[in-house]
$ cat work.txt   # compact mmCIF, C-alpha atoms
# COMPACT_ATOMS: atom_id res chain seq x y z
CA MET C 1 141.89 128.34 110.42
CA ASN C 2 140.86 128.46 106.81
CA GLY C 3 139.99 125.57 104.58
CA LEU C 4 143.17 125.61 102.59
CA ARG C 5 145.35 125.23 105.64
CA ILE C 6 143.20 122.34 106.84
CA LEU C 7 143.49 120.71 103.45
CA ALA C 8 147.24 121.24 103.40
CA PHE C 9 147.61 119.61 106.81
CA ILE C 10 145.58 116.63 105.67
CA VAL C 11 147.48 116.19 102.41
CA VAL C 12 150.81 116.34 104.18
CA ALA C 13 149.63 113.83 106.74
CA LEU C 14 148.40 111.51 104.03
CA VAL C 15 151.65 111.75 102.14
CA LEU C 16 153.70 111.10 105.21
CA GLN C 17 151.43 108.28 106.30
CA THR C 18 151.63 106.53 102.96
CA THR C 19 155.38 106.99 102.56
CA LEU C 20 157.09 107.24 105.92
CA ALA C 21 154.84 105.69 108.53
CA ARG C 22 155.78 102.16 107.60
CA PHE C 23 159.34 102.92 108.70
CA LEU C 24 158.32 104.15 112.14
CA VAL C 25 157.38 100.80 113.55
CA ARG C 26 158.59 97.62 111.93
CA GLY C 27 155.99 94.99 111.12
CA SER C 28 152.91 97.06 111.80
CA ILE C 29 151.66 100.59 111.49
CA GLY C 30 152.15 101.99 114.97
CA VAL C 31 151.14 105.56 114.17
CA ASP C 32 148.20 107.00 112.26
CA LEU C 33 149.46 110.41 111.20
CA VAL C 34 146.15 111.32 109.59
CA LEU C 35 144.35 110.72 112.85
CA VAL C 36 146.98 112.72 114.70
CA ILE C 37 146.39 115.64 112.36
CA VAL C 38 142.62 115.43 112.74
CA ILE C 39 142.92 115.48 116.53
CA TYR C 40 145.39 118.29 116.39
CA LEU C 41 143.12 120.41 114.17
CA SER C 42 140.13 119.63 116.35
CA LEU C 43 141.88 120.67 119.53
CA ARG C 44 143.13 123.81 117.88
CA ALA C 45 140.00 124.95 116.05
CA GLY C 46 136.98 123.24 117.64
CA PRO C 47 134.37 120.61 116.72
CA THR C 48 133.31 122.05 113.39
CA VAL C 49 136.83 121.92 112.03
CA GLY C 50 137.18 118.54 113.67
CA ILE C 51 134.13 117.24 111.81
CA VAL C 52 135.21 118.65 108.47
CA SER C 53 138.82 117.57 108.77
CA GLY C 54 137.84 114.16 110.09
CA THR C 55 135.43 113.62 107.23
CA VAL C 56 137.80 114.76 104.51
CA ALA C 57 140.85 113.00 105.92
CA GLY C 58 138.98 109.81 106.70
CA LEU C 59 137.32 109.59 103.29
CA ALA C 60 140.61 110.30 101.57
CA GLN C 61 142.34 107.66 103.63
CA ASP C 62 139.52 105.19 102.87
CA ALA C 63 139.79 105.97 99.19
CA LEU C 64 143.46 105.02 99.27
CA THR C 65 142.68 101.61 100.73
CA THR C 66 140.74 98.67 99.33
CA GLY C 67 138.22 98.65 102.16
CA VAL C 68 134.77 100.12 102.46
CA VAL C 69 134.84 103.87 101.90
CA GLY C 70 133.22 105.63 104.82
CA ILE C 71 134.17 103.53 107.80
CA GLY C 72 137.43 105.36 108.44
CA GLY C 73 135.71 108.62 107.59
CA LEU C 74 133.02 107.99 110.15
CA GLY C 75 135.57 107.05 112.79
CA LYS C 76 137.64 110.17 112.21
CA THR C 77 134.53 112.37 112.06
CA ILE C 78 133.44 111.12 115.45
CA VAL C 79 136.91 111.57 116.85
CA GLY C 80 137.20 115.04 115.37
CA TYR C 81 133.89 116.13 116.82
CA LEU C 82 134.65 114.73 120.27
CA ALA C 83 138.18 116.08 120.37
CA GLY C 84 136.96 119.49 119.23
CA THR C 85 134.25 119.49 121.87
CA VAL C 86 136.78 118.52 124.55
CA GLY C 87 139.16 121.22 123.35
CA ARG C 88 136.37 123.77 123.65
CA ALA C 89 135.14 122.62 127.03
CA PHE C 90 138.46 122.09 128.77
CA ILE C 91 141.89 123.60 128.73
CA VAL C 92 144.03 121.09 126.87
CA ALA C 93 147.34 122.95 126.78
CA GLN C 94 149.65 120.65 128.73
CA PRO C 95 151.34 117.49 127.48
CA VAL C 96 149.50 115.14 129.83
CA PRO C 97 145.96 116.24 128.93
CA ARG C 98 146.92 116.24 125.27
CA PHE C 99 148.37 112.76 125.66
CA LEU C 100 145.10 111.57 127.21
CA VAL C 101 143.03 113.12 124.45
CA PHE C 102 145.13 111.52 121.73
CA PHE C 103 145.12 108.22 123.53
CA ALA C 104 141.33 108.19 124.08
CA ALA C 105 140.65 109.44 120.58
CA THR C 106 142.68 106.59 119.10
CA LEU C 107 140.78 104.04 121.16
CA ILE C 108 137.46 105.54 120.07
CA GLU C 109 138.38 105.47 116.42
CA MET C 110 139.56 101.87 116.66
CA ALA C 111 136.35 100.94 118.48
CA VAL C 112 134.21 102.49 115.75
CA ILE C 113 136.15 100.80 112.95
CA THR C 114 136.27 97.43 114.70
CA GLY C 115 132.56 97.64 115.49
CA PHE C 116 131.71 98.31 111.86
CA HIS C 117 133.85 95.45 110.66
CA LEU C 118 132.18 93.13 113.12
CA LEU C 119 128.77 94.41 112.03
CA LEU C 120 129.59 93.87 108.38
CA ASP C 121 131.43 90.62 109.00
CA SER C 122 133.96 91.67 106.38
CA GLY C 123 137.14 93.59 105.94
CA PRO C 124 140.40 93.12 107.80
CA PRO C 125 140.53 91.02 110.97
CA VAL C 126 139.96 92.69 114.29
CA VAL C 127 143.17 94.39 115.49
CA PRO C 128 144.60 92.87 118.68
CA VAL C 129 144.27 94.90 121.84
CA GLY C 130 148.06 95.12 122.16
CA ALA C 131 148.40 96.69 118.72
CA ILE C 132 145.62 99.15 119.52
CA ILE C 133 147.32 100.21 122.74
CA ALA C 134 150.62 100.53 120.90
CA GLN C 135 149.07 102.71 118.24
CA ALA C 136 147.39 104.86 120.89
CA PHE C 137 150.77 105.41 122.55
CA GLY C 138 152.41 106.16 119.22
CA ASN C 139 149.72 108.61 118.17
CA SER C 140 149.84 110.32 121.55
CA LEU C 141 153.61 110.76 121.43
CA VAL C 142 153.57 112.05 117.87
CA GLY C 143 150.70 114.37 118.75
CA ILE C 144 152.57 115.85 121.72
CA VAL C 145 155.63 116.37 119.56
CA LEU C 146 153.47 118.02 116.92
CA PHE C 147 151.99 120.40 119.49
CA GLN C 148 155.42 121.21 120.88
CA LEU C 149 156.71 121.93 117.41
CA ALA C 150 153.69 124.01 116.52
CA ASP C 151 153.99 125.98 119.75
CA GLY C 152 157.77 126.32 119.57
CA LEU C 153 158.39 127.10 115.91
CA PRO C 154 156.76 130.56 115.96
CA ARG C 155 158.78 131.52 119.03
CA ILE C 156 162.01 130.35 117.40
CA ALA C 157 161.18 132.22 114.22
CA GLU C 158 160.34 135.32 116.20
CA ARG C 159 163.63 135.10 118.10
CA ARG C 160 165.60 134.73 114.87
CA ARG C 161 163.79 137.66 113.36
CA ALA C 162 164.54 139.79 116.40
CA ARG C 163 168.22 138.78 116.31
CA SER C 164 168.53 139.59 112.62
CA ASP C 165 166.87 142.95 113.24
CA ARG C 166 169.44 143.75 115.98
CA ASN C 167 172.36 142.71 113.73
CA SER C 168 171.11 144.85 110.94
CA MET X 1 123.23 135.07 110.93
CA ALA X 2 123.98 132.95 113.93
CA LEU X 3 121.08 130.66 113.08
CA PHE X 4 122.71 129.54 109.86
CA ASP X 5 126.31 129.73 111.05
CA ILE X 6 127.49 126.17 110.83
CA ARG X 7 130.22 126.85 113.37
CA GLN X 8 127.53 127.46 115.97
CA ARG X 9 125.68 124.30 115.01
CA SER X 10 128.44 121.70 115.09
CA GLY X 11 126.08 119.14 116.64
CA TYR X 12 123.75 119.29 113.63
CA LEU X 13 126.69 119.17 111.29
CA PHE X 14 128.03 116.15 113.12
CA LEU X 15 124.67 114.39 112.82
CA VAL X 16 124.40 115.14 109.13
CA VAL X 17 127.93 113.95 108.44
CA VAL X 18 127.44 110.74 110.42
CA VAL X 19 124.23 109.94 108.57
CA GLY X 20 125.99 110.72 105.31
CA HIS X 21 128.73 108.27 106.19
CA ILE X 22 126.27 105.56 107.06
CA ILE X 23 124.46 106.09 103.78
CA LEU X 24 127.77 105.93 101.98
CA ILE X 25 128.76 102.71 103.73
CA SER X 26 125.31 101.23 103.20
CA ALA X 27 125.52 101.87 99.48
CA GLN X 28 128.59 99.70 99.29
CA VAL X 29 127.92 96.76 101.51
CA ASN X 30 125.18 94.57 102.84
CA SER X 31 124.82 93.43 106.40
CA ARG X 32 125.03 89.76 107.42
CA SER X 33 121.35 89.26 106.67
CA GLY X 34 121.85 90.52 103.12
CA VAL X 35 119.94 93.78 103.42
CA PRO X 36 121.62 97.16 102.95
CA LEU X 37 123.38 98.33 106.08
CA LEU X 38 121.32 101.50 106.39
CA GLN X 39 118.14 99.46 106.41
CA ALA X 40 119.66 97.03 108.88
CA LEU X 41 120.75 99.81 111.21
CA VAL X 42 117.50 101.78 110.99
CA PHE X 43 115.35 98.71 111.23
CA GLY X 44 117.46 97.32 114.07
CA ALA X 45 117.17 100.53 116.04
CA PHE X 46 113.49 100.99 115.23
CA ALA X 47 112.71 97.37 115.99
CA GLU X 48 114.17 97.80 119.45
CA VAL X 49 111.94 100.83 119.95
CA GLN X 50 108.96 98.85 118.74
CA ARG X 51 109.89 95.95 120.98
CA GLY X 52 110.17 98.18 123.99
CA THR X 53 106.91 99.91 123.19
CA ALA X 54 105.16 96.61 122.67
CA ALA X 55 106.54 95.29 125.95
CA VAL X 56 105.27 98.33 127.81
CA VAL X 57 101.88 98.20 126.12
CA GLY X 58 101.66 94.44 126.58
CA GLY X 59 102.57 94.72 130.23
CA ALA X 60 100.00 97.40 130.82
CA ARG X 61 97.39 95.43 128.93
CA GLY X 62 98.24 92.25 130.81
CA THR X 63 98.01 94.08 134.10
CA TRP X 64 94.67 95.53 133.10
CA ASP X 65 93.27 92.25 131.80
CA GLY X 66 94.75 90.11 134.55
CA TYR X 67 94.03 92.23 137.57
CA VAL X 68 91.67 95.08 136.84
CA ALA X 69 89.20 93.98 134.21
CA LEU X 70 88.09 90.77 135.91
CA HIS X 71 84.52 91.74 136.69
CA HIS X 72 83.13 89.60 133.83
CA VAL X 73 85.29 86.58 134.50
CA HIS X 74 82.88 84.94 136.91
CA GLU X 75 79.99 85.21 134.47
CA ASP X 76 82.20 83.98 131.65
CA ASN X 77 83.35 81.07 133.78
CA LEU X 78 79.79 80.06 134.55
CA ALA X 79 78.80 80.35 130.91
CA LEU X 80 81.79 78.28 129.83
CA GLN X 81 81.05 75.61 132.41
CA GLN X 82 77.50 75.41 131.10
CA ARG X 83 78.82 75.20 127.57
CA VAL X 84 81.16 72.38 128.54
CA ARG X 85 78.26 70.48 130.06
CA ASP X 86 76.16 71.03 126.93
CA LEU X 87 78.99 69.87 124.72
CA GLU X 88 79.56 66.77 126.83
CA VAL X 89 75.89 65.86 126.45
CA LYS X 90 76.07 66.53 122.74
CA LEU X 91 79.20 64.38 122.49
CA GLN X 92 77.44 61.49 124.19
CA ARG X 93 74.48 61.93 121.87
CA ASP X 94 76.72 62.00 118.82
CA ARG X 95 78.51 58.89 119.98
CA ALA X 96 75.18 57.14 120.40
CA LEU X 97 74.09 58.27 116.94
CA ALA X 98 77.34 57.05 115.45
CA GLY X 99 76.91 53.64 117.03
CA GLU X 100 73.31 53.50 115.91
CA SER X 101 74.22 54.40 112.38
CA GLU X 102 76.88 51.70 112.34
CA THR X 103 74.31 49.14 113.50
CA LEU X 104 71.87 50.28 110.83
CA ARG X 105 74.55 50.04 108.19
CA ARG X 106 75.27 46.46 109.16
CA LEU X 107 71.57 45.61 109.12
CA LEU X 108 71.19 47.15 105.71
CA ASP X 109 74.12 45.13 104.54
CA LEU X 110 72.55 41.98 105.98
CA ARG X 111 69.24 42.69 104.26
CA ASP X 112 70.96 43.17 100.94
CA ARG X 113 72.84 39.91 101.37
CA SER X 114 69.93 37.81 102.59
CA GLN X 115 67.54 38.87 99.83
CA MET X 116 64.67 38.14 102.20
CA PRO X 117 61.71 40.39 102.84
CA THR X 118 62.60 41.97 106.12
CA ARG X 119 61.58 44.92 108.20
CA SER X 120 64.01 46.78 110.37
CA ALA X 121 62.96 47.36 113.91
CA GLU X 122 64.30 49.16 116.92
CA ILE X 123 64.32 47.63 120.35
CA ILE X 124 62.22 49.83 122.57
CA GLY X 125 62.00 47.74 125.72
CA THR X 126 63.00 44.61 127.56
CA SER X 127 61.12 42.08 129.60
CA ALA X 128 59.84 42.96 133.02
CA THR X 129 61.47 40.01 134.75
CA ALA X 130 64.88 38.48 134.45
CA ASP X 131 63.43 35.00 134.03
CA PHE X 132 61.82 35.83 130.75
CA ARG X 133 64.49 36.95 128.28
CA ALA X 134 62.59 39.01 125.75
CA VAL X 135 62.63 42.41 124.14
CA THR X 136 60.01 44.68 122.64
CA ILE X 137 60.43 46.02 119.10
CA ASP X 138 58.68 48.98 117.53
CA ARG X 139 57.09 47.01 114.70
CA GLY X 140 53.76 45.25 114.90
CA THR X 141 51.01 43.75 112.79
CA SER X 142 50.53 47.04 110.96
CA ASP X 143 54.04 46.52 109.63
CA GLY X 144 53.41 42.92 108.60
CA VAL X 145 54.91 41.37 111.70
CA ARG X 146 53.32 38.10 112.75
CA ALA X 147 53.92 35.58 115.49
CA ASP X 148 56.75 33.07 115.00
CA MET X 149 58.58 35.28 112.57
CA ALA X 150 62.34 35.11 113.00
CA VAL X 151 64.25 38.09 114.24
CA VAL X 152 67.89 38.40 113.21
CA SER X 153 70.74 40.85 113.43
CA SER X 154 74.02 41.27 111.64
CA ALA X 155 75.64 39.01 114.26
CA GLY X 156 73.17 36.16 113.84
CA ALA X 157 69.81 34.84 114.98
CA VAL X 158 68.20 36.87 117.75
CA GLY X 159 64.89 35.16 118.51
CA ARG X 160 61.30 34.92 117.33
CA VAL X 161 58.21 37.06 117.55
CA VAL X 162 55.95 35.70 120.25
CA MET X 163 53.40 38.44 120.80
CA PRO X 164 52.75 41.03 118.08
CA SER X 165 50.51 43.99 118.73
CA ARG X 166 49.47 46.61 116.21
CA HIS X 167 52.56 48.79 116.51
CA ALA X 168 54.95 46.68 118.58
CA ALA X 169 55.93 43.10 119.17
CA LYS X 170 57.51 41.01 121.89
CA VAL X 171 60.48 38.97 120.76
CA GLN X 172 61.64 35.92 122.63
CA LEU X 173 65.43 35.81 122.66
CA LEU X 174 67.36 32.63 122.00
CA VAL X 175 68.71 32.71 125.54
CA ASP X 176 65.23 32.62 127.03
CA ARG X 177 64.62 29.57 129.15
CA SER X 178 61.80 28.34 126.92
CA ALA X 179 63.43 29.19 123.57
CA ALA X 180 64.81 26.64 121.14
CA VAL X 181 66.29 26.72 117.68
CA ALA X 182 67.26 23.95 115.28
CA VAL X 183 70.96 24.20 114.56
CA MET X 184 73.75 22.40 112.81
CA VAL X 185 77.50 22.44 113.09
CA GLU X 186 78.74 24.54 110.23
CA ARG X 187 81.86 22.45 109.73
CA SER X 188 80.44 18.90 109.98
CA ARG X 189 76.76 19.63 109.35
CA ALA X 190 75.89 17.64 112.50
CA GLN X 191 72.47 18.67 113.71
CA GLY X 192 70.92 19.38 117.08
CA ILE X 193 68.70 21.77 118.97
CA ALA X 194 69.95 24.73 120.99
CA PHE X 195 67.93 25.65 124.06
CA GLY X 196 68.00 28.83 126.03
CA SER X 197 69.11 28.59 129.64
CA GLY X 198 67.83 31.84 130.99
CA GLU X 199 71.43 32.93 131.32
CA SER X 200 73.94 34.11 128.80
CA VAL X 201 74.66 30.70 127.27
CA LEU X 202 72.74 28.07 125.29
CA ARG X 203 72.55 24.30 125.72
CA LEU X 204 72.98 22.07 122.70
CA GLU X 205 70.97 18.88 122.86
CA TYR X 206 69.69 16.13 120.63
CA VAL X 207 73.08 15.66 119.11
CA SER X 208 74.05 12.23 117.85
CA THR X 209 76.66 10.50 119.97
CA SER X 210 78.67 9.89 116.83
CA ALA X 211 78.42 13.49 115.68
CA ASP X 212 81.62 15.21 114.67
CA ILE X 213 81.63 18.09 117.07
CA VAL X 214 84.48 19.79 118.83
CA LYS X 215 85.03 22.82 120.99
CA GLY X 216 85.08 26.01 118.94
CA ASP X 217 82.72 24.78 116.25
CA THR X 218 80.27 27.35 114.94
CA LEU X 219 76.57 26.59 115.05
CA VAL X 220 74.18 27.98 112.47
CA THR X 221 70.45 27.70 112.07
CA SER X 222 69.48 24.59 110.15
CA GLY X 223 66.06 25.86 109.08
CA ILE X 224 64.22 22.66 109.90
CA ASP X 225 62.24 24.25 112.74
CA GLY X 226 60.27 26.24 110.20
CA ILE X 227 60.98 29.53 111.98
CA TYR X 228 64.58 30.58 111.45
CA PRO X 229 66.06 30.78 107.98
CA GLN X 230 68.96 28.49 107.42
CA GLY X 231 72.51 29.68 107.82
CA PHE X 232 72.31 32.35 110.49
CA ALA X 233 74.95 32.11 113.17
CA VAL X 234 73.70 30.97 116.55
CA GLY X 235 76.84 30.57 118.57
CA THR X 236 80.14 28.83 119.22
CA ILE X 237 80.63 25.66 121.19
CA GLU X 238 82.32 26.66 124.37
CA GLU X 239 82.44 23.47 126.38
CA ILE X 240 81.70 19.80 125.78
CA GLU X 241 81.15 17.41 128.69
CA ARG X 242 81.36 13.70 127.92
CA SER X 243 80.29 10.86 130.16
CA GLY X 244 81.74 7.58 129.01
CA GLY X 245 81.28 7.56 125.25
CA SER X 246 78.22 9.77 125.15
CA LEU X 247 77.84 13.53 125.18
CA ARG X 248 76.48 14.82 128.45
CA ALA X 249 76.29 18.59 128.06
CA ILE X 250 77.34 21.10 125.43
CA ARG X 251 77.52 24.78 126.26
CA VAL X 252 77.19 27.27 123.46
CA ARG X 253 78.24 30.94 123.57
CA PRO X 254 75.66 32.94 121.54
CA SER X 255 76.91 34.93 118.55
CA VAL X 256 74.67 37.84 119.39
CA ASP X 257 75.45 40.08 122.31
CA PHE X 258 71.91 40.44 123.60
CA SER X 259 72.87 43.10 126.09
CA SER X 260 73.79 45.56 123.38
CA LEU X 261 71.07 44.96 120.82
CA GLU X 262 69.55 48.11 119.39
CA GLN X 263 68.42 47.39 115.85
CA VAL X 264 67.16 44.11 114.43
CA LEU X 265 65.51 42.74 111.31
CA VAL X 266 62.21 40.88 111.34
CA VAL X 267 62.08 38.26 108.60
CA LEU X 268 58.66 38.89 107.10
CA ALA X 269 58.50 35.77 104.95
CA PRO X 270 56.30 33.09 106.47
CA PRO X 271 58.45 30.33 107.97
CA ALA X 272 57.34 27.84 105.34
CA PHE X 273 58.80 30.00 102.62
CA VAL X 274 62.14 30.54 104.25
CA GLY X 275 64.71 28.60 102.36
CA PRO X 276 68.38 27.87 102.77
CA ARG X 277 70.78 30.73 102.22
CA SER X 278 73.06 30.80 99.27
CA PRO X 279 76.80 30.24 99.78
CA THR X 280 77.30 33.97 99.51
CA GLY X 281 75.07 34.56 102.49
CA GLY X 282 71.83 35.23 100.66
CA ALA X 283 68.66 33.14 101.09
CA GLU X 284 66.80 31.27 98.45
CA ARG X 285 63.06 31.23 98.38
CA ARG X 286 61.46 27.86 98.51
CA GLU X 287 58.66 28.24 95.95
$ encode --input "work.txt" --output "structure tokens"
Amino acid sequence: MNGLRILAFIVVALVLQTTLARFLVRGSIGVDLVLVIVIYLSLRAGPTVGIVSGTVAGLAQDALTTGVVGIGGLGKTIVGYLAGTVGRAFIVAQPVPRFLVFFAATLIEMAVITGFHLLLDSGPPVVPVGAIIAQAFGNSLVGIVLFQLADGLPRIAERRRARSDRNS
Amino acid sequence: MALFDIRQRSGYLFLVVVVGHIILISAQVNSRSGVPLLQALVFGAFAEVQRGTAAVVGGARGTWDGYVALHHVHEDNLALQQRVRDLEVKLQRDRALAGESETLRRLLDLRDRSQMPTRSAEIIGTSATADFRAVTIDRGTSDGVRADMAVVSSAGAVGRVVMPSRHAAKVQLLVDRSAAVAVMVERSRAQGIAFGSGESVLRLEYVSTSADIVKGDTLVTSGIDGIYPQGFAVGTIEEIERSGGSLRAIRVRPSVDFSSLEQVLVVLAPPAFVGPRSPTGGAERRE
């Protein structure tokens, strides 16, 4: 996976996150599309891509907020590295393992961010446990859908191409 | 080259990126204590390492000092015990010196006030028997001390010289059974003679039956005996016994604590030249 594709994924995720995510769950942001993309890239391409994508996506996301730049980047870098390492060490090709990875990765990222805010005694208030669990579920579901789409779209395209070749 | 292929070294890359993030965060914010976050994190982590190391080293050192390296403790203990004993002796000596210096200061003050030729003396001995209440001083004829010279202290009259030798003298105390001193009541100027009883009190006699005298009156030397200068405290009337209209017995508590005398003054002026003391406490020479 080259750098441009990684960057394209991140930009799309950022755009969607900043425009559409607020409509997914009313009252709070239940899905972090940028995090979903980072985990997805990490599971697909390994820890190095996970680190790079996590760093770039996290810093970009931090830059679009009014908080401290680097905290989200650090959280996503850690998540990207761990998810990439898990993707290399284990076979994460079924929905349930993927769900668990997304779920755990979300908890880890929230733990890192919350820990930093507590350490700095600044920034937004600590997110309630219920909201964290809800976001972990949301991210996991969106992640599974993303994987299904990514796995299914090439097959659909191939089938269409084969059909058009027969018709012609 | 695989060595420089970053894809093969994701752990190093992860470490570098994490440190970079922390530096980035640290550049923007301070921790609760006000120091940059990077310093707080590094110092916090390093301080824990230092604390752990110090605990291990301290524990090992304590074990060594407390259990292994005890072979000199017994000798040290003995030396310290000896030092404590020496210091206790020194403390007693210093206390004695302090008391002595206080006594000397008072005597010096008395000499300045009395304006009489005096010679300070130290008590170097007491009488051999309890019946004879006397002390020995370290001044004698070589110092100008003669018989019947008055001996006083800052508290009042002490006694008179009864037996001078060349370098020492025996002083009869006022409480001696054969001692007497002419006195008067300081308040009413009533006169009498105080006799020693051989005990710790004096008897006041030869007091006029009409004399104004009450319990608690202070007696001072009247000077008419030709030995003691006028105005030195002798004692306080402790008890008055009356029989009918006349006085039967008057007990006087001496002003001087004879049991704790250490330094005294010998009045060198011949008794005939000892005059009454001035109102300020000094004595006037009778020329």
$ residues_near_point --input "work.txt" --point "(134.4, 103.9, 113.7)" --cutoff "10 Å" --atoms "all atoms listed in the file" --output "PyMOL selection string"
chain C and resi 70-79+107-117
$ interface_residues --input "work.txt" --of "chain C" --to "chain X" --cutoff "10 Å" --atoms "all atoms listed in the file" --output "JSON, numbers by chain"
{"C": [46, 47, 48, 49, 50, 51, 52, 55, 59, 68, 69, 70, 71, 72, 73, 74, 75, 77, 78, 80, 81, 82, 84, 85, 116, 118, 119, 120, 121, 122]}
$ residues_near_point --input "work.txt" --point "(73.7, 21.3, 122.8)" --cutoff "8 Å" --atoms "all atoms listed in the file" --output "CSV table (one decimal) with C-alpha atoms, keeping the file's coordinate frame"
chain,number,residue,atom,x,y,z
X,192,GLY,CA,70.9,19.4,117.1
X,193,ILE,CA,68.7,21.8,119.0
X,194,ALA,CA,70.0,24.7,121.0
X,195,PHE,CA,67.9,25.6,124.1
X,202,LEU,CA,72.7,28.1,125.3
X,203,ARG,CA,72.6,24.3,125.7
X,204,LEU,CA,73.0,22.1,122.7
X,205,GLU,CA,71.0,18.9,122.9
X,206,TYR,CA,69.7,16.1,120.6
X,207,VAL,CA,73.1,15.7,119.1
X,249,ALA,CA,76.3,18.6,128.1
X,250,ILE,CA,77.3,21.1,125.4
X,251,ARG,CA,77.5,24.8,126.3
X,252,VAL,CA,77.2,27.3,123.5
$ closest_atom_pairs --input "work.txt" --of "segment 204-272 of chain X" --to "segment 152-173 of chain X" --cutoff "9 Å" --atoms "only C-alpha atoms" --output "JSON lines"
{"residue": "X:Val220", "atom": "CA", "partner": "X:Gly156", "partner_atom": "CA", "distance": 8.4}
{"residue": "X:Thr221", "atom": "CA", "partner": "X:Ala157", "partner_atom": "CA", "distance": 7.7}
{"residue": "X:Ile227", "atom": "CA", "partner": "X:Arg160", "partner_atom": "CA", "distance": 7.6}
{"residue": "X:Tyr228", "atom": "CA", "partner": "X:Ala157", "partner_atom": "CA", "distance": 7.6}
{"residue": "X:Pro229", "atom": "CA", "partner": "X:Ala157", "partner_atom": "CA", "distance": 8.9}
{"residue": "X:Gly231", "atom": "CA", "partner": "X:Gly156", "partner_atom": "CA", "distance": 8.9}
{"residue": "X:Phe232", "atom": "CA", "partner": "X:Gly156", "partner_atom": "CA", "distance": 5.1}
{"residue": "X:Ala233", "atom": "CA", "partner": "X:Gly156", "partner_atom": "CA", "distance": 4.5}
{"residue": "X:Val234", "atom": "CA", "partner": "X:Ala157", "partner_atom": "CA", "distance": 5.7}
{"residue": "X:Gly235", "atom": "CA", "partner": "X:Gly156", "partner_atom": "CA", "distance": 8.2}
{"residue": "X:Pro254", "atom": "CA", "partner": "X:Gly156", "partner_atom": "CA", "distance": 8.7}
{"residue": "X:Ser255", "atom": "CA", "partner": "X:Ala155", "partner_atom": "CA", "distance": 6.1}
{"residue": "X:Val256", "atom": "CA", "partner": "X:Ala155", "partner_atom": "CA", "distance": 5.4}
{"residue": "X:Asp257", "atom": "CA", "partner": "X:Ala155", "partner_atom": "CA", "distance": 8.1}
{"residue": "X:Phe258", "atom": "CA", "partner": "X:Val158", "partner_atom": "CA", "distance": 7.8}
{"residue": "X:Leu261", "atom": "CA", "partner": "X:Ser153", "partner_atom": "CA", "distance": 8.5}
{"residue": "X:Gln263", "atom": "CA", "partner": "X:Ser153", "partner_atom": "CA", "distance": 7.3}
{"residue": "X:Val264", "atom": "CA", "partner": "X:Ser153", "partner_atom": "CA", "distance": 4.9}
{"residue": "X:Leu265", "atom": "CA", "partner": "X:Val152", "partner_atom": "CA", "distance": 5.3}
{"residue": "X:Val266", "atom": "CA", "partner": "X:Val152", "partner_atom": "CA", "distance": 6.5}
{"residue": "X:Val267", "atom": "CA", "partner": "X:Val152", "partner_atom": "CA", "distance": 7.4}
$ atom_distance --input "work.txt" --atom1 "atom CA of Arg139 of chain X" --atom2 "atom CA of Ala121 of chain X"
5.9 Å
$ atom_distance --input "work.txt" --atom1 "atom CA of Glu158 of chain C" --atom2 "atom CA of Val145 of chain C"
19.8 Å
$ atom_distance --input "work.txt" --atom1 "atom CA of Leu146 of chain C" --atom2 "atom CA of Ala89 of chain C"
21.4 Å
$ decode --input "work.txt" --residues "segment 190-218 of chain X" --atoms "C-alpha atoms" --output "tab-separated table (two decimals), in the first residue's frame"
chain	number	residue	atom	x	y	z
X	190	ALA	CA	14.84	49.26	118.18
X	191	GLN	CA	18.10	47.78	119.36
X	192	GLY	CA	19.18	44.49	120.86
X	193	ILE	CA	21.79	41.77	120.70
X	194	ALA	CA	21.48	38.61	118.61
X	195	PHE	CA	23.11	35.49	120.03
X	196	GLY	CA	23.96	32.30	118.27
X	197	SER	CA	22.22	29.17	119.47
X	198	GLY	CA	24.43	26.52	117.98
X	199	GLU	CA	21.57	25.67	115.68
X	200	SER	CA	20.23	27.34	112.59
X	201	VAL	CA	18.50	30.22	114.38
X	202	LEU	CA	19.53	33.21	116.50
X	203	ARG	CA	18.12	34.53	119.77
X	204	LEU	CA	17.39	38.21	120.12
X	205	GLU	CA	17.90	39.55	123.62
X	206	TYR	CA	18.35	42.81	125.46
X	207	VAL	CA	15.39	44.30	123.72
X	208	SER	CA	13.38	46.94	125.52
X	209	THR	CA	9.96	45.78	126.64
X	210	SER	CA	8.47	48.81	124.95
X	211	ALA	CA	10.34	48.22	121.71
X	212	ASP	CA	8.33	48.29	118.53
X	213	ILE	CA	9.04	44.85	117.20
X	214	VAL	CA	6.84	42.46	115.32
X	215	LYS	CA	7.16	39.15	113.55
X	216	GLY	CA	8.76	39.55	110.13
X	217	ASP	CA	10.87	42.56	111.05
X	218	THR	CA	14.33	42.62	109.52
